[in-house]
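The file protein-v3.cif contains mmCIF, C-alpha atoms:
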data_structure
#
loop_
_atom_site.label_atom_id
_atom_site.label_comp_id
_atom_site.auth_asym_id
_atom_site.auth_seq_id
_atom_site.Cartn_x
_atom_site.Cartn_y
_atom_site.Cartn_z
CA MET A 1 -56.64 -38.80 -137.05
CA THR A 2 -53.94 -40.98 -138.60
CA ASN A 3 -54.54 -44.71 -138.49
CA ALA A 4 -52.08 -47.46 -137.71
CA LEU A 5 -52.06 -51.25 -137.78
CA VAL A 6 -50.90 -53.11 -134.67
CA LEU A 7 -49.78 -56.73 -134.62
CA LEU A 8 -51.56 -58.15 -131.60
CA SER A 9 -50.66 -61.60 -130.31
CA GLY A 10 -52.55 -61.42 -127.04
CA GLY A 11 -49.32 -61.30 -125.04
CA LEU A 12 -47.93 -58.67 -122.71
CA ASP A 13 -45.69 -56.95 -125.25
CA SER A 14 -48.20 -56.50 -128.04
CA ALA A 15 -50.90 -55.30 -125.64
CA THR A 16 -48.50 -52.65 -124.40
CA THR A 17 -47.65 -51.72 -127.97
CA LEU A 18 -51.33 -51.20 -128.78
CA ALA A 19 -51.69 -48.98 -125.73
CA ILE A 20 -48.67 -46.93 -126.84
CA ALA A 21 -50.04 -46.53 -130.38
CA ARG A 22 -53.40 -45.34 -129.02
CA GLU A 23 -51.66 -42.96 -126.60
CA ALA A 24 -49.70 -41.54 -129.56
CA GLY A 25 -53.02 -40.59 -131.12
CA PHE A 26 -53.38 -43.29 -133.78
CA GLY A 27 -56.68 -44.85 -134.66
CA CYS A 28 -55.74 -48.52 -134.51
CA TYR A 29 -56.52 -51.58 -136.55
CA ALA A 30 -55.31 -54.84 -135.04
CA ILE A 31 -54.21 -58.05 -136.73
CA SER A 32 -53.69 -61.45 -135.09
CA PHE A 33 -52.79 -64.80 -136.59
CA ALA A 34 -54.25 -68.24 -136.12
CA TYR A 35 -50.98 -69.79 -137.24
CA GLY A 36 -51.33 -73.25 -135.83
CA GLN A 37 -50.08 -72.33 -132.39
CA ARG A 38 -50.63 -74.92 -129.66
CA HIS A 39 -53.44 -73.01 -128.06
CA PHE A 40 -56.12 -70.47 -128.94
CA VAL A 41 -56.35 -68.77 -125.58
CA GLU A 42 -53.91 -66.09 -126.74
CA LEU A 43 -56.31 -65.23 -129.57
CA GLU A 44 -59.14 -64.91 -127.07
CA ALA A 45 -56.86 -62.60 -125.09
CA ALA A 46 -56.15 -60.59 -128.25
CA LYS A 47 -59.89 -60.10 -128.79
CA THR A 48 -60.37 -58.79 -125.26
CA ILE A 49 -57.42 -56.41 -125.52
CA ALA A 50 -58.54 -55.15 -128.93
CA GLN A 51 -61.91 -54.35 -127.39
CA ASP A 52 -60.35 -52.69 -124.33
CA PHE A 53 -58.50 -50.29 -126.59
CA SER A 54 -61.40 -49.65 -128.98
CA VAL A 55 -59.69 -50.73 -132.17
CA LEU A 56 -61.34 -49.81 -135.46
CA GLU A 57 -61.28 -53.44 -136.60
CA HIS A 58 -59.59 -56.61 -135.42
CA ARG A 59 -58.83 -59.37 -137.90
CA ILE A 60 -57.63 -62.84 -137.05
CA VAL A 61 -55.92 -64.21 -140.15
CA PRO A 62 -55.59 -67.99 -140.53
CA ILE A 63 -52.16 -69.05 -141.80
CA ASP A 64 -51.16 -72.54 -140.84
CA LEU A 65 -47.44 -72.49 -140.10
CA SER A 66 -47.83 -75.80 -138.28
CA ALA A 67 -48.09 -77.40 -141.73
CA PHE A 68 -44.38 -76.64 -142.06
CA GLY A 69 -43.56 -77.54 -138.46
CA GLY A 70 -40.05 -77.05 -137.12
CA SER A 71 -40.99 -75.36 -133.83
CA ALA A 72 -42.12 -76.32 -130.35
CA LEU A 73 -44.83 -73.66 -130.66
CA THR A 74 -46.47 -75.27 -133.68
CA ASP A 75 -45.62 -78.95 -133.22
CA SER A 76 -46.92 -80.66 -130.11
CA HIS A 77 -44.33 -83.42 -130.59
CA ILE A 78 -41.55 -80.96 -129.72
CA ALA A 79 -41.51 -80.14 -126.00
CA VAL A 80 -41.44 -76.55 -124.83
CA PRO A 81 -38.15 -76.22 -122.93
CA GLU A 82 -38.34 -75.25 -119.28
CA ILE A 83 -34.62 -74.74 -118.73
CA PRO A 84 -32.79 -71.80 -120.36
CA CYS A 85 -30.70 -72.97 -123.33
CA GLU A 86 -27.84 -71.64 -125.41
CA GLY A 87 -28.59 -70.05 -128.77
CA ILE A 88 -31.94 -69.78 -130.51
CA PRO A 89 -34.46 -72.02 -128.72
CA VAL A 90 -36.79 -74.59 -130.32
CA THR A 91 -39.68 -72.22 -129.68
CA TYR A 92 -38.40 -70.20 -132.64
CA VAL A 93 -40.98 -70.49 -135.44
CA PRO A 94 -39.26 -70.34 -138.85
CA ALA A 95 -39.81 -66.96 -140.51
CA ARG A 96 -42.83 -66.23 -138.32
CA ASN A 97 -42.38 -62.49 -137.98
CA THR A 98 -41.57 -62.18 -141.67
CA VAL A 99 -44.86 -63.90 -142.52
CA PHE A 100 -46.80 -61.83 -139.97
CA LEU A 101 -45.32 -58.52 -141.12
CA SER A 102 -45.94 -59.44 -144.78
CA LEU A 103 -49.62 -60.02 -144.11
CA ALA A 104 -49.80 -56.86 -142.00
CA LEU A 105 -48.23 -55.00 -144.92
CA ALA A 106 -50.81 -56.41 -147.33
CA TRP A 107 -53.72 -55.28 -145.18
CA SER A 108 -52.06 -51.93 -144.44
CA GLU A 109 -51.68 -51.15 -148.10
CA VAL A 110 -55.37 -51.83 -148.72
CA LEU A 111 -56.34 -49.78 -145.64
CA GLU A 112 -54.06 -46.94 -146.78
CA VAL A 113 -52.33 -47.22 -143.42
CA ARG A 114 -48.60 -46.45 -143.43
CA ASP A 115 -47.73 -47.00 -139.76
CA ILE A 116 -47.32 -50.56 -138.52
CA PHE A 117 -46.68 -51.27 -134.85
CA MET A 118 -45.06 -54.43 -133.56
CA GLY A 119 -44.13 -55.34 -130.00
CA VAL A 120 -40.77 -56.97 -130.63
CA ASN A 121 -38.18 -56.55 -127.94
CA ALA A 122 -34.46 -57.27 -128.08
CA VAL A 123 -33.64 -57.02 -124.36
CA ASP A 124 -35.66 -59.49 -122.27
CA TYR A 125 -36.48 -61.86 -125.11
CA SER A 126 -35.87 -65.39 -126.33
CA GLY A 127 -33.13 -64.54 -128.82
CA TYR A 128 -35.27 -64.94 -131.92
CA PRO A 129 -33.54 -63.47 -134.99
CA ASP A 130 -36.73 -61.82 -136.17
CA CYS A 131 -37.04 -59.67 -133.05
CA ARG A 132 -33.85 -57.71 -133.67
CA PRO A 133 -33.63 -54.08 -134.86
CA GLU A 134 -31.70 -55.09 -137.99
CA PHE A 135 -34.53 -57.41 -138.99
CA VAL A 136 -37.12 -54.69 -138.49
CA GLN A 137 -35.04 -52.20 -140.48
CA ALA A 138 -34.65 -54.69 -143.33
CA PHE A 139 -38.40 -55.30 -143.39
CA GLU A 140 -39.12 -51.57 -143.53
CA THR A 141 -36.76 -51.23 -146.50
CA LEU A 142 -38.49 -54.16 -148.17
CA ALA A 143 -41.97 -52.75 -147.53
CA ASN A 144 -41.11 -49.56 -149.35
CA LEU A 145 -39.79 -51.45 -152.38
CA ALA A 146 -42.53 -54.08 -152.45
CA THR A 147 -45.62 -51.93 -152.63
CA ARG A 148 -47.46 -49.55 -154.88
CA ALA A 149 -47.53 -47.05 -152.03
CA GLY A 150 -43.76 -47.23 -151.65
CA VAL A 151 -43.17 -46.76 -155.36
CA GLU A 152 -45.54 -43.80 -155.40
CA GLY A 153 -43.43 -42.04 -152.78
CA GLU A 154 -45.28 -42.82 -149.58
CA ARG A 155 -43.42 -44.44 -146.72
CA PHE A 156 -44.26 -47.35 -144.50
CA THR A 157 -42.81 -47.16 -141.02
CA ILE A 158 -42.45 -50.16 -138.76
CA HIS A 159 -42.72 -48.85 -135.20
CA THR A 160 -41.19 -50.99 -132.46
CA PRO A 161 -41.61 -48.90 -129.32
CA LEU A 162 -40.49 -51.72 -127.02
CA ILE A 163 -37.36 -52.71 -128.88
CA ASP A 164 -34.89 -51.31 -126.32
CA LEU A 165 -36.97 -51.63 -123.18
CA SER A 166 -36.50 -54.11 -120.37
CA LYS A 167 -39.53 -56.19 -119.40
CA ARG A 168 -39.75 -54.11 -116.24
CA ASP A 169 -39.95 -50.89 -118.23
CA ILE A 170 -42.52 -52.37 -120.63
CA ILE A 171 -44.75 -53.32 -117.70
CA ALA A 172 -44.36 -49.89 -116.07
CA ARG A 173 -45.29 -48.21 -119.36
CA GLY A 174 -48.29 -50.47 -119.92
CA LEU A 175 -49.61 -50.01 -116.39
CA SER A 176 -49.42 -46.24 -116.79
CA LEU A 177 -51.53 -46.62 -119.96
CA GLY A 178 -54.16 -48.82 -118.39
CA VAL A 179 -53.21 -52.23 -119.79
CA ASP A 180 -54.91 -54.99 -117.83
CA TYR A 181 -52.15 -57.59 -117.87
CA ARG A 182 -54.41 -60.16 -116.29
CA GLN A 183 -56.07 -60.42 -119.71
CA THR A 184 -52.82 -61.11 -121.56
CA VAL A 185 -51.29 -64.53 -122.20
CA SER A 186 -47.53 -64.83 -122.63
CA CYS A 187 -47.04 -68.51 -121.75
CA TYR A 188 -45.80 -70.84 -124.49
CA GLN A 189 -48.02 -73.65 -123.17
CA PRO A 190 -51.04 -72.31 -121.28
CA ASN A 191 -53.90 -74.63 -120.48
CA ASP A 192 -57.36 -74.27 -122.00
CA ARG A 193 -58.41 -71.81 -119.31
CA GLY A 194 -55.51 -69.53 -120.28
CA GLU A 195 -53.54 -70.33 -117.13
CA ALA A 196 -49.78 -70.01 -117.53
CA CYS A 197 -47.32 -72.83 -116.83
CA GLY A 198 -44.95 -70.56 -114.93
CA ARG A 199 -41.97 -72.59 -116.17
CA CYS A 200 -41.28 -71.81 -119.84
CA GLU A 201 -38.93 -69.04 -120.90
CA SER A 202 -41.75 -66.65 -121.73
CA CYS A 203 -43.29 -67.14 -118.28
CA ARG A 204 -39.86 -66.67 -116.70
CA LEU A 205 -39.18 -63.38 -118.50
CA ARG A 206 -42.65 -62.11 -117.66
CA ARG A 207 -42.50 -63.13 -114.02
CA GLU A 208 -39.08 -61.50 -113.57
CA GLY A 209 -40.47 -58.36 -115.16
CA PHE A 210 -43.20 -58.14 -112.55
CA VAL A 211 -40.76 -58.89 -109.73
CA GLN A 212 -38.46 -56.12 -110.91
CA SER A 213 -41.38 -53.73 -111.35
CA GLY A 214 -42.32 -54.22 -107.74
CA VAL A 215 -45.98 -54.69 -108.68
CA ALA A 216 -48.07 -57.75 -108.01
CA ASP A 217 -47.97 -60.28 -110.84
CA PRO A 218 -51.58 -60.60 -112.04
CA THR A 219 -50.83 -63.64 -114.21
CA ARG A 220 -53.17 -66.58 -113.69
CA TYR A 221 -50.88 -69.55 -113.15
CA VAL A 222 -51.82 -73.23 -113.20
CA ALA A 223 -52.27 -74.41 -109.63
CA ALA A 224 -49.06 -76.18 -108.54
CA MET B 1 -27.90 -83.33 -154.80
CA THR B 2 -28.75 -79.90 -153.45
CA ASN B 3 -32.42 -79.14 -153.07
CA ALA B 4 -34.27 -75.94 -153.92
CA LEU B 5 -37.76 -74.56 -153.44
CA VAL B 6 -39.55 -73.14 -156.48
CA LEU B 7 -42.54 -70.80 -156.33
CA LEU B 8 -44.92 -72.27 -158.86
CA SER B 9 -48.01 -70.32 -159.91
CA GLY B 10 -49.00 -72.47 -162.85
CA GLY B 11 -48.08 -69.73 -165.31
CA LEU B 12 -45.53 -69.65 -168.10
CA ASP B 13 -42.77 -67.93 -166.13
CA SER B 14 -42.78 -70.12 -163.04
CA ALA B 15 -42.97 -73.32 -165.13
CA THR B 16 -39.87 -72.17 -167.00
CA THR B 17 -38.18 -71.35 -163.70
CA LEU B 18 -38.84 -74.84 -162.39
CA ALA B 19 -37.36 -76.31 -165.58
CA ILE B 20 -34.26 -74.12 -165.17
CA ALA B 21 -33.82 -75.16 -161.53
CA ARG B 22 -34.07 -78.84 -162.48
CA GLU B 23 -31.62 -78.34 -165.36
CA ALA B 24 -29.20 -76.72 -162.91
CA GLY B 25 -29.22 -79.97 -160.96
CA PHE B 26 -31.43 -79.06 -158.02
CA GLY B 27 -33.88 -81.48 -156.48
CA CYS B 28 -36.98 -79.31 -156.38
CA TYR B 29 -39.78 -78.71 -153.93
CA ALA B 30 -42.62 -76.58 -155.27
CA ILE B 31 -44.97 -74.21 -153.43
CA SER B 32 -48.17 -72.68 -154.76
CA PHE B 33 -50.74 -70.48 -153.07
CA ALA B 34 -54.51 -70.63 -152.95
CA TYR B 35 -54.66 -66.93 -152.19
CA GLY B 36 -58.20 -66.15 -153.14
CA GLN B 37 -57.44 -65.68 -156.82
CA ARG B 38 -60.44 -65.56 -159.14
CA HIS B 39 -59.86 -69.02 -160.48
CA PHE B 40 -58.30 -72.31 -159.47
CA VAL B 41 -57.32 -73.51 -162.93
CA GLU B 42 -53.83 -72.09 -162.45
CA LEU B 43 -53.43 -74.32 -159.38
CA GLU B 44 -54.47 -77.33 -161.44
CA ALA B 45 -51.86 -76.26 -163.98
CA ALA B 46 -49.27 -76.00 -161.20
CA LYS B 47 -50.01 -79.58 -160.14
CA THR B 48 -49.51 -80.86 -163.68
CA ILE B 49 -46.25 -78.95 -164.12
CA ALA B 50 -44.94 -80.10 -160.74
CA GLN B 51 -45.58 -83.66 -161.82
CA ASP B 52 -43.98 -83.14 -165.25
CA PHE B 53 -40.78 -82.05 -163.55
CA SER B 54 -40.82 -84.72 -160.83
CA VAL B 55 -40.75 -82.41 -157.83
CA LEU B 56 -39.96 -83.92 -154.44
CA GLU B 57 -43.13 -82.46 -152.95
CA HIS B 58 -45.67 -79.87 -154.04
CA ARG B 59 -47.58 -77.90 -151.44
CA ILE B 60 -50.52 -75.62 -152.08
CA VAL B 61 -50.74 -73.22 -149.16
CA PRO B 62 -54.06 -71.51 -148.45
CA ILE B 63 -53.69 -67.82 -147.60
CA ASP B 64 -56.73 -65.73 -148.33
CA LEU B 65 -55.51 -62.37 -149.62
CA SER B 66 -58.99 -61.74 -151.01
CA ALA B 67 -60.04 -61.03 -147.41
CA PHE B 68 -58.00 -57.83 -147.73
CA GLY B 69 -59.12 -57.11 -151.32
CA GLY B 70 -57.66 -54.19 -153.21
CA SER B 71 -56.92 -56.02 -156.48
CA ALA B 72 -58.73 -57.08 -159.62
CA LEU B 73 -57.15 -60.52 -159.18
CA THR B 74 -58.75 -61.14 -155.79
CA ASP B 75 -61.93 -59.07 -155.98
CA SER B 76 -64.44 -59.98 -158.67
CA HIS B 77 -66.02 -56.54 -158.31
CA ILE B 78 -62.92 -54.95 -159.85
CA ALA B 79 -62.73 -55.59 -163.60
CA VAL B 80 -59.53 -56.96 -165.13
CA PRO B 81 -58.41 -54.24 -167.55
CA GLU B 82 -58.12 -55.14 -171.21
CA ILE B 83 -56.44 -51.93 -172.37
CA PRO B 84 -52.84 -51.13 -171.34
CA CYS B 85 -52.76 -48.45 -168.62
CA GLU B 86 -50.23 -46.05 -167.14
CA GLY B 87 -48.49 -46.97 -163.89
CA ILE B 88 -49.14 -49.99 -161.72
CA PRO B 89 -52.35 -51.71 -162.87
CA VAL B 90 -55.29 -52.76 -160.67
CA THR B 91 -54.19 -56.37 -161.10
CA TYR B 92 -51.43 -55.60 -158.59
CA VAL B 93 -52.15 -57.59 -155.41
CA PRO B 94 -50.89 -55.70 -152.34
CA ALA B 95 -47.70 -57.25 -150.97
CA ARG B 96 -48.39 -60.55 -152.75
CA ASN B 97 -44.83 -61.51 -153.55
CA THR B 98 -43.69 -60.49 -150.07
CA VAL B 99 -46.28 -62.81 -148.56
CA PHE B 100 -45.41 -65.64 -150.98
CA LEU B 101 -41.67 -65.33 -150.42
CA SER B 102 -42.17 -65.19 -146.64
CA LEU B 103 -44.07 -68.45 -146.67
CA ALA B 104 -41.55 -69.98 -149.04
CA LEU B 105 -38.83 -68.89 -146.61
CA ALA B 106 -40.64 -70.52 -143.70
CA TRP B 107 -40.92 -73.86 -145.48
CA SER B 108 -37.37 -73.60 -146.82
CA GLU B 109 -35.97 -73.14 -143.37
CA VAL B 110 -37.75 -76.26 -142.12
CA LEU B 111 -36.66 -78.23 -145.21
CA GLU B 112 -33.08 -76.99 -144.74
CA VAL B 113 -33.24 -75.67 -148.27
CA ARG B 114 -31.26 -72.48 -148.93
CA ASP B 115 -32.04 -71.86 -152.60
CA ILE B 116 -35.39 -70.33 -153.51
CA PHE B 117 -36.38 -69.86 -157.15
CA MET B 118 -38.96 -67.37 -158.32
CA GLY B 119 -40.03 -66.55 -161.86
CA VAL B 120 -40.28 -62.79 -161.59
CA ASN B 121 -39.41 -60.82 -164.67
CA ALA B 122 -38.79 -57.09 -165.04
CA VAL B 123 -38.84 -56.82 -168.84
CA ASP B 124 -42.16 -58.00 -170.33
CA TYR B 125 -44.20 -57.60 -167.15
CA SER B 126 -47.07 -55.64 -165.68
CA GLY B 127 -44.95 -53.14 -163.75
CA TYR B 128 -45.58 -54.66 -160.33
CA PRO B 129 -43.15 -53.26 -157.73
CA ASP B 130 -42.54 -56.71 -156.26
CA CYS B 131 -41.14 -58.10 -159.50
CA ARG B 132 -38.13 -55.77 -159.59
CA PRO B 133 -34.52 -56.77 -158.84
CA GLU B 134 -34.29 -54.27 -155.95
CA PHE B 135 -37.27 -55.95 -154.27
CA VAL B 136 -35.71 -59.39 -154.67
CA GLN B 137 -32.39 -58.14 -153.30
CA ALA B 138 -34.13 -56.59 -150.29
CA PHE B 139 -35.96 -59.84 -149.59
CA GLU B 140 -32.74 -61.84 -149.74
CA THR B 141 -31.16 -59.45 -147.22
CA LEU B 142 -34.21 -59.83 -145.00
CA ALA B 143 -34.19 -63.63 -145.25
CA ASN B 144 -30.67 -63.79 -143.93
CA LEU B 145 -31.51 -61.56 -140.95
CA ALA B 146 -34.88 -63.15 -140.19
CA THR B 147 -33.91 -66.76 -139.76
CA ARG B 148 -32.00 -69.10 -137.52
CA ALA B 149 -30.14 -70.36 -140.58
CA GLY B 150 -29.08 -66.84 -141.51
CA VAL B 151 -27.88 -66.07 -138.00
CA GLU B 152 -25.96 -69.34 -137.91
CA GLY B 153 -24.00 -68.29 -140.99
CA GLU B 154 -25.82 -70.06 -143.78
CA ARG B 155 -27.12 -68.05 -146.70
CA PHE B 156 -30.45 -68.02 -148.43
CA THR B 157 -30.29 -67.11 -152.10
CA ILE B 158 -33.32 -65.93 -154.07
CA HIS B 159 -32.74 -67.03 -157.66
CA THR B 160 -34.61 -65.13 -160.36
CA PRO B 161 -33.30 -66.61 -163.59
CA LEU B 162 -35.88 -64.79 -165.74
CA ILE B 163 -35.44 -61.33 -164.28
CA ASP B 164 -33.68 -59.82 -167.32
CA LEU B 165 -35.17 -61.97 -170.07
CA SER B 166 -37.74 -60.94 -172.63
CA LYS B 167 -40.85 -63.11 -172.90
CA ARG B 168 -39.49 -64.40 -176.19
CA ASP B 169 -36.26 -65.53 -174.55
CA ILE B 170 -38.16 -67.12 -171.64
CA ILE B 171 -40.23 -69.15 -174.08
CA ALA B 172 -37.18 -70.19 -176.10
CA ARG B 173 -35.44 -71.31 -172.91
CA GLY B 174 -38.46 -73.22 -171.65
CA LEU B 175 -39.04 -74.99 -174.97
CA SER B 176 -35.43 -76.13 -175.00
CA LEU B 177 -36.00 -77.61 -171.53
CA GLY B 178 -39.20 -79.42 -172.44
CA VAL B 179 -41.81 -77.17 -170.85
CA ASP B 180 -45.27 -77.95 -172.22
CA TYR B 181 -46.72 -74.46 -172.33
CA ARG B 182 -50.11 -75.78 -173.28
CA GLN B 183 -50.39 -76.87 -169.63
CA THR B 184 -49.64 -73.41 -168.24
CA VAL B 185 -52.20 -70.71 -167.48
CA SER B 186 -51.11 -67.07 -167.59
CA CYS B 187 -54.48 -65.39 -168.15
CA TYR B 188 -55.81 -63.10 -165.39
CA GLN B 189 -59.37 -64.29 -166.06
CA PRO B 190 -59.46 -67.77 -167.59
CA ASN B 191 -62.71 -69.68 -167.71
CA ASP B 192 -63.34 -72.85 -165.73
CA ARG B 193 -61.81 -74.98 -168.46
CA GLY B 194 -58.57 -73.01 -168.20
CA GLU B 195 -59.10 -71.23 -171.51
CA ALA B 196 -57.46 -67.82 -171.72
CA CYS B 197 -59.36 -64.61 -172.47
CA GLY B 198 -56.73 -63.42 -174.96
CA ARG B 199 -57.39 -59.80 -174.00
CA CYS B 200 -55.87 -59.06 -170.57
CA GLU B 201 -52.32 -57.77 -170.17
CA SER B 202 -50.96 -61.15 -169.16
CA CYS B 203 -52.46 -62.76 -172.29
CA ARG B 204 -51.10 -59.92 -174.42
CA LEU B 205 -47.54 -60.28 -173.09
CA ARG B 206 -47.68 -64.04 -173.52
CA ARG B 207 -49.13 -63.92 -177.01
CA GLU B 208 -46.52 -61.39 -178.16
CA GLY B 209 -43.82 -63.64 -176.70
CA PHE B 210 -44.97 -66.53 -178.87
CA VAL B 211 -45.26 -64.30 -181.95
CA GLN B 212 -41.71 -63.03 -181.40
CA SER B 213 -40.44 -66.56 -180.79
CA GLY B 214 -41.76 -67.64 -184.15
CA VAL B 215 -43.31 -70.74 -182.61
CA ALA B 216 -46.97 -71.66 -182.64
CA ASP B 217 -48.85 -70.36 -179.59
CA PRO B 218 -50.19 -73.47 -177.82
CA THR B 219 -52.42 -71.45 -175.49
CA ARG B 220 -56.02 -72.61 -175.33
CA TYR B 221 -58.08 -69.46 -175.90
CA VAL B 222 -61.80 -69.01 -175.32
CA ALA B 223 -63.61 -69.36 -178.62
CA ALA B 224 -64.31 -65.86 -179.98
#

Would you kindly transcribe this structure into C-alpha cells?
Amino acid sequence: MTNALVLLSGGLDSATTLAIAREAGFGCYAISFAYGQRHFVELEAAKTIAQDFSVLEHRIVPIDLSAFGGSALTDSHIAVPEIPCEGIPVTYVPARNTVFLSLALAWSEVLEVRDIFMGVNAVDYSGYPDCRPEFVQAFETLANLATRAGVEGERFTIHTPLIDLSKRDIIARGLSLGVDYRQTVSCYQPNDRGEACGRCESCRLRREGFVQSGVADPTRYVAA
Amino acid sequence: MTNALVLLSGGLDSATTLAIAREAGFGCYAISFAYGQRHFVELEAAKTIAQDFSVLEHRIVPIDLSAFGGSALTDSHIAVPEIPCEGIPVTYVPARNTVFLSLALAWSEVLEVRDIFMGVNAVDYSGYPDCRPEFVQAFETLANLATRAGVEGERFTIHTPLIDLSKRDIIARGLSLGVDYRQTVSCYQPNDRGEACGRCESCRLRREGFVQSGVADPTRYVAA
C-alpha cells in the first residue's frame, strides 16, 4: 500500500479529501495545525474525522500565525464579515497554505511519503490566492527542488481532488464515501460547542452546497 | 526608507546578509527560528547580531521540526558527521528553508514588507537542495502567487546576496561592513558556551574561509 499525507482542517472540504484519498487506496497520515485560529473546535472535529477514516497517525502541529496577525481568523479584534465583499476578504490568513504545505512537506519527506492531499477548491471558495491551481502547481515545483527526495529523482505530487468541484459536487462525493458532515466544522466563528454561526461566508457556501445537493443540511447551527 | 525582512540564524552567513541589507539602505526586521535545533546558542548569537545592526524588531518563532526528526541537527540520536561525505549530508533538515521562508513570507505580508533577505550560499556549502538558486527562484514565484500582495500586483523579492560568493569573499564583505564574527555561531554542535567543535562540516567551511581571507579566525573553539 502506498501512503499519503492529508492536510485535515476539520472542515467539510478536507474531510472529503481524506475520504477520497482512502478510497483511492492510500494509507493516510493526517496533519492539522493549531495556528492560533479563533477556536479549537475544528481541531476536535479533525480528530474525530481522522479516527473515522482510520488514519495511520494524526499530528496537530502548533504554529502560531496569530503572532503575526493580519487576519480575522487569527485576530479577534478583526470582525468576521457576514456580508459578501469584493476581492480577497479579511479572513485571508497571510501565507497560510504556504506554511501548512511546507510543514506537510517536511513531515512527508521524513515519512518517505510522496503524495500530499489538500482540499483546496477554486469554485465555491472565498477567493484566497493560495487556493488556486497556479499556487498548487508552484508549490509542487518548489517541493521537488527543495528536498533531498526531489534531488534524488523522486517526485512529490500535491493532489487537490476538489479543485474544480462545486460545493454541491464535493458534498455528493463525500456522502457517497461515508463522510459524516455533522462532525465537520466549516464556520469561521463557531461557538465552543462547535455550532456554526450560519452567517459568515464559509457557512453561506456550505449551506448553499447542501441546498443544491438536495440533502438535509446536518450542520449544527447556533440557535437563532 | 524601505523595509526588509532578514532571516537570521546567528551564523556567519546570515549576519553578513543582515549587514548587506542595512548597507543597501533597508530598515531591517529580523526573524529567527527555534526549530528544535540541538542548541540555543545560535539564537543568542542572533539576538546579539540583531542588536548590533539596530533591527526594527527581531522575532524568534518557535516551530518544532524536531517533532518530525530525520536530521542530525534536530535529532540527538543522529551523530553530526565530522568527515566529508558524498551527496546530501545527514545534517540536511527536511524542507527547513521552505518552512522558514514560508513563515518569513507570512510576517512580511503583514508588515507590508516586500524584500526578504536570506543568506543561502551555493559555493562553500553543505550541498543542501534548499540553498540553490533554482530553489530560491521557485520560492519567489510561489510567494507572488500565494499572497494577497502578489495578486494585487506587488512583488516579493527574495534577495540572496551571498549565493555566488565563496566563504572567503563573504567574510571579506562582512568585515568591511563591521560584522563581529566572534559573535556568530556556525558550528553544528557547539557547546553550551557557544564554543565551536572545529570538526563538523560547517566549522571546516568557516575555518577555511578565514584561512583563505588571511585574517585571524575569531571563532571560539572548544579547548582541544

Requested in this report: Let me know the residues the PyMOL selection byres ((chain B and resi 72) around 10) catches in the file above, as a PyMOL selection string.
Outcome: chain B and resi 37-38+66+69-71+73-81+89-93+188-189

Requested in this report: Tell me which protein, DNA and RNA residues are within 6 Å of B:Tyr35, counting all atoms listed in the file, leaving out same-chain ones fewer than 5 positions away, and put them as a VMD selection string.
Outcome: chain B and resid 62 to 65

Query raised in the report: Using all atoms listed in the file, which of B:Ala30, B:Ala4, B:Thr48, B:Gly36 sits nearest B:Val179?
Result: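 Once distances to B:Val179 are computed over all atoms listed in the file, the minimum belongs to B:Thr48.
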
Requested in this report: Could you give me, as number ranges by chain, the residues within 10 Å of A:Asp180, counting all atoms listed in the file and dropping anything in the same chain fewer than 4 positions from it?
Outcome: A: 12, 15-16, 48-49, 52, 174-175, 184, 218

Keeping only C-alpha atoms, write the selected residues to a file as a short mmCIF file (atom, residue, chain, number, x, y, z; two decimals), keeping the file's coordinate frame.
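Dumped everything to part_37.cif:
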data_model
loop_
_atom_site.label_atom_id
_atom_site.label_comp_id
_atom_site.auth_asym_id
_atom_site.auth_seq_id
_atom_site.Cartn_x
_atom_site.Cartn_y
_atom_site.Cartn_z
CA LEU A 12 -47.93 -58.67 -122.71
CA ALA A 15 -50.90 -55.30 -125.64
CA THR A 16 -48.50 -52.65 -124.40
CA THR A 48 -60.37 -58.79 -125.26
CA ILE A 49 -57.42 -56.41 -125.52
CA ASP A 52 -60.35 -52.69 -124.33
CA GLY A 174 -48.29 -50.47 -119.92
CA LEU A 175 -49.61 -50.01 -116.39
CA THR A 184 -52.82 -61.11 -121.56
CA PRO A 218 -51.58 -60.60 -112.04
#

**Report entry** For A:Ile88: contacts at 10 Å, all atoms listed in the file, fewer than 3 positions along chain excluded, given as a ChimeraX atom specification
**Finding:** /A:85,91-92,126-129 /B:147-148,151-152

Report task. Enumerate as a ChimeraX atom specification the residues belonging to chain A that approach chain B to within 10 Å, with only C-alpha atoms taken into account. Result -> /A:59,61-65,67-71,87-89,92-111,127-152

Requested in this report: Could you pull out every residue with an atom within 9 Å of (-34.6, -58.2, -126.4), file coordinates, counting all atoms listed in the file, and send them as an MDAnalysis selection string?
Outcome: chainID A and resid 120:128 131:132 162:167

Query - Nearest to A:His39 by atom-to-atom distance, counting only C-alpha atoms, from A:Arg207, A:His159, A:Arg193, A:Arg114 - result: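 Using only C-alpha atoms, the shortest distance to A:His39 belongs to A:Arg193.
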
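What separates atom CA of A:Ser213 from atom CA of A:Arg168 is a distance of 5.2 Å.
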
Query raised in the report: If you measure from atom CA of B:Phe33 to atom CA of B:Gly178, what distance in Å do you get, rounded to one decimal?
Result: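 Separating atom CA of B:Phe33 from atom CA of B:Gly178 is a distance of 24.3 Å.
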
**Report entry** Residue neighbourhood A:Phe117, 7 Å, all atoms listed in the file, exclusion window fewer than 2 positions, as a ChimeraX atom specification
**Finding:** /A:5-7,17,115,119,158-160

Query - Counting all atoms listed in the file, the residue of B:Leu43, B:Cys197, B:Val222, B:Ile116 that sits nearest B:Gly11 - result: B:Leu43

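The environment of B:Ser9 within 9 Å, counting all atoms listed in the file and disregarding residues fewer than 6 places along the same chain, consists of Ala15, Ile31, Ser32, Phe33, Glu42, Leu43, Ala45, Ala46, Val185 and Ser186 of chain B.
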
Report summary line: Computed gap from atom CA of A:Gly10 to atom CA of A:Phe210 is 17.6 Å

If I wrap all listed atoms of stretch 124-134 of chain A in a box with edges along x, y and z and add 5 Å on each side, what are its centre and edge lengths in Å to one decimal, as JSON?
{"center_x": -34.4, "center_y": -59.7, "center_z": -130.1, "size_x": 15.3, "size_y": 21.3, "size_z": 25.7}
